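Read through the structure below, which is laid out as structure tokens, and then see the notes.
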Amino acid sequence: KTSTVSRIVSFDGDLDEADWQTADSYENFQISPWLRKTLKSVQKTYLKIVYDRDHLYFGVTAMEPTPEKMIADDRVDRFAEGCANLGNHIELFYSYPDMSQAAWHMMINSKGQIIDALQKSTTVRDLSVVTKAKWAVKTFSDRWTLEMAVPCSEIGQNILDGMTWKINCARVRHV
């Protein structure tokens, strides 16, 4: 469930606009089975999604007790194997029903660096895609946030009430 947006004024990484404050928050993130035994601590992550006819908006809050210890690169190589050079980051996958198995795939780290792609299948990723989305990150004393607006013109489908979208959000924490 998402809500329509009335007006998000700026993209500064600060999720203080009224639309973010009233949006539903998704926070029941699952821990990957192969990580459960090795994790020393789990930090909460919150996802909010709002939309208007022309944009899909994501707001992510990643709680972090020691933000000064986050590991993330200032510059990333989008063609490096996997996303190892991003470090601490959020991954977003989103698609509308007509995309079949394909999905847009954005990885944004806590320093604002992005690797963007069109995931054509579980094994084929088109890195020639360069997003027109706007995004900003901000670090606080106890968390970092990501604010992102994806234009529908890039997605290829306007957002209408009642549409069903597939969205997956993941957090990769490096400290």
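Ordered as shown in the structure tokens, chains take letters A, B, and onward, while each chain numbers its residues from 1 and ligands are numbered from 1 in the order shown.
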Q: Can you check which residues of chain A DSSP gives as helix (DSSP H, G or I) on the backbone and send them as a PyMOL selection string?
A: chain A and resi 18-22+33-35+67-69+97-99+152-155
Sort by chain and increasing residue number a table of all residues of segment 93-173 of chain A within 8 Å of segment 41-65 of chain A, each with its closest pair of atoms and their distance in Å to one decimal, counting only C-alpha atoms, and write it as a Markdown table.
| residue | atom | partner | partner_atom | distance |
| --- | --- | --- | --- | --- |
| A:Ser141 | CA | A:Pro65 | CA | 7.4 |
| A:Asp142 | CA | A:Pro65 | CA | 5.0 |
| A:Arg143 | CA | A:Met63 | CA | 4.1 |
| A:Trp144 | CA | A:Ala62 | CA | 5.4 |
| A:Thr145 | CA | A:Thr61 | CA | 4.5 |
| A:Leu146 | CA | A:Val60 | CA | 5.0 |
| A:Glu147 | CA | A:Gly59 | CA | 4.6 |
| A:Met148 | CA | A:Phe58 | CA | 5.1 |
| A:Ala149 | CA | A:Tyr57 | CA | 4.5 |
| A:Val150 | CA | A:Leu56 | CA | 5.2 |
| A:Pro151 | CA | A:His55 | CA | 4.6 |
| A:Cys152 | CA | A:Asp54 | CA | 5.1 |
| A:Ser153 | CA | A:Asp54 | CA | 7.4 |
| A:Asn158 | CA | A:Arg53 | CA | 5.8 |
| A:Ile159 | CA | A:Arg53 | CA | 5.0 |
| A:Leu160 | CA | A:Arg53 | CA | 6.3 |
| A:Cys169 | CA | A:Leu47 | CA | 7.7 |
| A:Arg171 | CA | A:Thr45 | CA | 7.6 |
Saved selection, atoms kept: C-alpha atoms, as a short mmCIF file (atom, residue, chain, number, x, y, z; two decimals), in the first residue's frame:
data_model
loop_
_atom_site.label_atom_id
_atom_site.label_comp_id
_atom_site.auth_asym_id
_atom_site.auth_seq_id
_atom_site.Cartn_x
_atom_site.Cartn_y
_atom_site.Cartn_z
CA SER A 141 24.02 10.82 14.39
CA ASP A 142 21.93 7.61 14.53
CA ARG A 143 20.96 6.83 10.90
CA TRP A 144 21.36 7.61 7.24
CA THR A 145 18.57 8.27 4.77
CA LEU A 146 17.97 7.93 1.04
CA GLU A 147 15.38 10.02 -0.78
CA MET A 148 14.74 9.16 -4.44
CA ALA A 149 12.33 10.21 -7.20
CA VAL A 150 12.09 8.02 -10.29
CA PRO A 151 10.42 9.65 -13.31
CA CYS A 152 7.70 7.56 -14.96
CA SER A 153 9.05 8.54 -18.36
CA ASN A 158 2.64 6.24 -15.59
CA ILE A 159 1.45 5.35 -12.12
CA LEU A 160 -2.30 5.08 -11.74
CA CYS A 169 14.28 -3.17 -1.04
CA ARG A 171 20.09 -3.12 2.78
#
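Across A:Ile31, A:Leu92, A:Ala102, A:Leu86, the tightest approach to Gln119 of chain A is made by A:Ala102 when counting only C-alpha atoms.
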Q: May I ask which of the residues A:Thr123, A:Ser95, A:Gln113, A:Thr22 is the closest one to Asp77 of chain A, counting only C-alpha atoms?
A: A:Gln113
(Q) Run DSSP on the backbone and tell me which residues of segment 11-138 of chain A come out as strand (DSSP E); list them as number ranges by chain. (A) A: 45-51, 55-63, 89-95, 103-109, 114-119, 125-126, 134-138
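Here atom CA of Ser10 of chain A stands at a distance of 12.1 Å from atom CA of Val137 of chain A.
Closest approach to Glu91 of chain A from the set A:Lys69, A:Lys120, A:Arg173, A:Lys134 is made by A:Arg173, with distances taken over only C-alpha atoms.
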Q. Which is closer to Gly156 of chain A than all the others in A:Val124, A:Ile115, A:Val175, A:Ala103, using only C-alpha atoms?
A.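 Closest to Gly156 of chain A of all the choices is A:Ala103.
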